[in-house]
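Everything below concerns the one structure shown next.
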Amino acid sequence: MTTYQERFEAILPELRGIVERMAQPFDADVEEYRDDEFGLSFIVKRVEDTLWVTANLDDGAHANLPESGNVVVRVDIGEESVLTIIPHNLSDDVYVSFSDDEMWEDKLEWIRVRTVDVIDAISAWKVEEGLAL
(Lines give C-alpha, C1' and ligand atoms only; values in the text may rest on other atoms or scores of the structure.)
Protein backbone atom coordinates (compact mmCIF):
# COMPACT_ATOMS: atom_id res chain seq x y z
CA MET A 1 0.00 0.00 0.00
CA THR A 2 1.31 3.42 -0.97
CA THR A 3 0.79 6.36 1.39
CA TYR A 4 0.04 10.00 0.63
CA GLN A 5 3.64 10.98 1.34
CA GLU A 6 5.06 8.12 -0.76
CA ARG A 7 2.87 9.10 -3.73
CA PHE A 8 3.95 12.73 -3.41
CA GLU A 9 7.61 11.70 -3.36
CA ALA A 10 7.02 9.51 -6.43
CA ILE A 11 5.41 12.28 -8.52
CA LEU A 12 7.48 15.19 -7.17
CA PRO A 13 10.30 15.22 -9.79
CA GLU A 14 7.89 15.16 -12.73
CA LEU A 15 5.40 17.55 -11.12
CA ARG A 16 8.24 19.96 -10.30
CA GLY A 17 9.32 19.94 -13.96
CA ILE A 18 5.77 20.71 -15.12
CA VAL A 19 5.28 23.54 -12.62
CA GLU A 20 8.70 25.01 -13.43
CA ARG A 21 7.66 25.13 -17.12
CA MET A 22 4.53 27.04 -16.06
CA ALA A 23 6.58 29.51 -13.98
CA GLN A 24 9.48 30.01 -16.41
CA PRO A 25 7.90 32.67 -18.68
CA PHE A 26 7.31 34.82 -15.59
CA ASP A 27 10.71 34.31 -13.94
CA ALA A 28 8.88 32.96 -10.89
CA ASP A 29 10.52 30.71 -8.32
CA VAL A 30 8.78 27.43 -7.56
CA GLU A 31 8.58 26.47 -3.90
CA GLU A 32 7.61 23.20 -2.29
CA TYR A 33 5.24 23.17 0.66
CA ARG A 34 4.18 20.47 3.09
CA ASP A 35 1.32 21.57 5.28
CA ASP A 36 -2.10 19.92 5.41
CA GLU A 37 -1.42 19.06 1.78
CA PHE A 38 1.84 18.66 -0.12
CA GLY A 39 2.50 20.58 -3.31
CA LEU A 40 4.37 23.20 -5.28
CA SER A 41 3.54 26.86 -5.79
CA PHE A 42 4.71 30.09 -7.35
CA ILE A 43 3.49 33.66 -7.43
CA VAL A 44 3.35 36.30 -10.12
CA LYS A 45 2.92 39.93 -9.07
CA ARG A 46 1.22 42.87 -10.66
CA VAL A 47 1.25 46.46 -9.38
CA GLU A 48 -1.48 45.85 -6.79
CA ASP A 49 -2.31 42.15 -7.18
CA THR A 50 -0.66 38.80 -6.68
CA LEU A 51 -1.56 35.69 -8.63
CA TRP A 52 -0.84 32.37 -6.95
CA VAL A 53 -0.41 29.06 -8.76
CA THR A 54 -0.49 25.81 -6.80
CA ALA A 55 -0.16 22.20 -7.83
CA ASN A 56 -0.94 19.88 -4.97
CA LEU A 57 -1.65 16.27 -4.16
CA ASP A 58 -5.32 16.23 -3.20
CA ASP A 59 -6.04 13.57 -0.58
CA GLY A 60 -9.09 11.45 -1.38
CA ALA A 61 -9.64 10.92 2.34
CA HIS A 62 -11.39 14.32 2.31
CA ALA A 63 -13.99 12.69 0.02
CA ASN A 64 -14.18 9.51 2.12
CA LEU A 65 -11.88 7.72 -0.33
CA PRO A 66 -8.83 6.88 1.80
CA GLU A 67 -5.55 5.81 0.18
CA SER A 68 -6.45 7.65 -3.02
CA GLY A 69 -5.97 11.11 -4.48
CA ASN A 70 -5.52 13.39 -7.45
CA VAL A 71 -3.27 16.22 -8.62
CA VAL A 72 -4.99 19.61 -8.70
CA VAL A 73 -3.65 22.82 -10.24
CA ARG A 74 -5.20 26.13 -9.21
CA VAL A 75 -4.61 29.67 -10.43
CA ASP A 76 -5.98 32.16 -7.90
CA ILE A 77 -6.03 35.93 -7.48
CA GLY A 78 -6.75 36.47 -3.82
CA GLU A 79 -9.90 34.48 -3.08
CA GLU A 80 -10.95 34.36 -6.75
CA SER A 81 -10.20 31.22 -8.72
CA VAL A 82 -9.13 31.98 -12.29
CA LEU A 83 -8.45 28.42 -13.43
CA THR A 84 -8.67 24.96 -11.85
CA ILE A 85 -7.37 21.80 -13.50
CA ILE A 86 -8.57 18.50 -12.01
CA PRO A 87 -7.67 15.44 -14.08
CA HIS A 88 -10.63 13.13 -14.69
CA ASN A 89 -12.98 15.44 -12.81
CA LEU A 90 -16.60 14.26 -12.85
CA SER A 91 -15.54 10.68 -13.62
CA ASP A 92 -14.96 7.54 -11.60
CA ASP A 93 -11.21 8.18 -11.92
CA VAL A 94 -11.18 11.57 -10.18
CA TYR A 95 -9.55 9.86 -7.18
CA VAL A 96 -7.28 6.88 -7.82
CA SER A 97 -5.30 4.61 -5.54
CA PHE A 98 -1.95 5.98 -4.44
CA SER A 99 -0.43 2.67 -5.62
CA ASP A 100 -1.76 2.83 -9.23
CA ASP A 101 1.37 4.07 -11.04
CA GLU A 102 -0.24 3.96 -14.48
CA MET A 103 -3.15 6.21 -13.49
CA TRP A 104 -0.78 8.66 -11.77
CA GLU A 105 1.28 8.93 -14.94
CA ASP A 106 -1.95 9.65 -16.82
CA LYS A 107 -2.87 12.39 -14.33
CA LEU A 108 0.55 14.02 -14.70
CA GLU A 109 0.20 13.89 -18.50
CA TRP A 110 -3.19 15.60 -18.17
CA ILE A 111 -1.54 18.42 -16.19
CA ARG A 112 1.42 18.58 -18.61
CA VAL A 113 -0.92 19.05 -21.58
CA ARG A 114 -2.75 21.89 -19.79
CA THR A 115 0.48 23.82 -19.03
CA VAL A 116 -0.26 26.21 -21.89
CA ASP A 117 -3.66 27.03 -20.33
CA VAL A 118 -1.96 28.11 -17.10
CA ILE A 119 0.59 30.23 -18.98
CA ASP A 120 -2.19 31.81 -21.07
CA ALA A 121 -4.28 32.62 -17.97
CA ILE A 122 -1.33 34.33 -16.28
CA SER A 123 -0.36 36.19 -19.45
CA ALA A 124 -3.92 37.49 -19.92
CA TRP A 125 -3.99 38.65 -16.30
CA LYS A 126 -0.70 40.54 -16.74
CA VAL A 127 -1.94 42.17 -19.95
CA GLU A 128 -5.01 43.56 -18.13
CA GLU A 129 -2.77 46.05 -16.31
CA GLY A 130 -0.70 46.87 -19.38
CA LEU A 131 2.13 44.70 -18.14
CA ALA A 132 2.39 42.45 -21.17
CA LEU A 133 5.45 40.23 -21.35
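Ordering of the C-alpha coordinates sets the chain letters (A, B, ...), residue numbers begin anew at 1 in every chain, and ligands are numbered from 1 in the order given.
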
- Message: Neighbouring residues of segment 4-14 of chain A were defined as those with any atom within 10 Å, considering only C-alpha atoms; residues of the same chain fewer than 2 positions away were excluded. Please report them as a ChimeraX atom specification.
- Response: /A:1-2,16-20,32,34,37-40,56-61,66-69,71,97-101,104-105,108-109,112

- Query: Skipping near chain neighbours, those fewer than 3 positions away, what residues fall within 8 Å of Arg74 of chain A using only C-alpha atoms, listed as a ChimeraX atom specification?
  - Reply: /A:52-55,81-85

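All residues of protein, DNA or RNA that reach within 10 Å of segment 121-129 of chain A, judged by only C-alpha atoms and not counting those fewer than 4 positions away in the chain, are Met22, Ala23, Pro25, Phe26, Val44, Lys45, Arg46, Val47, Glu48, Asp49, Leu51, Trp52, Val53, Val75, Asp76, Ile77, Val82, Leu83, Val116, Asp117 and Leu133 of chain A.
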
- Message: What parts of segment 53-130 of chain A does DSSP call helix (DSSP H, G or I)? I'd like the answer as JSON, numbers by chain.
- Response: {"A": [60, 61, 62, 63, 101, 102, 103, 104, 105, 106, 107, 108, 109, 110, 111, 112, 113, 115, 116, 117, 118, 119, 120, 121, 122, 123, 124, 125, 126, 127, 128]}

- Message: Please extract the residues of chain A with a backbone DSSP assignment of strand (DSSP E) and present them as number ranges by chain.
- Response: A: 31-34, 38-45, 50-59, 68-77, 80-85, 96-97

- Query: Given the choices A:Asn70, A:Thr50, A:Ser41, A:Thr3, which gets closest to Asp106 of chain A if the distance is worked out from only C-alpha atoms?
  - Reply: A:Asn70

- Note on the structure: note - atom CA of Leu15 of chain A and atom CA of Asp92 of chain A are separated by 22.7 Å

- Please indicate the distance in Å from atom CA of Val72 of chain A to atom CA of Ile86 of chain A, rounded to one decimal place.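 Between these atoms lies a distance of 5.0 Å.
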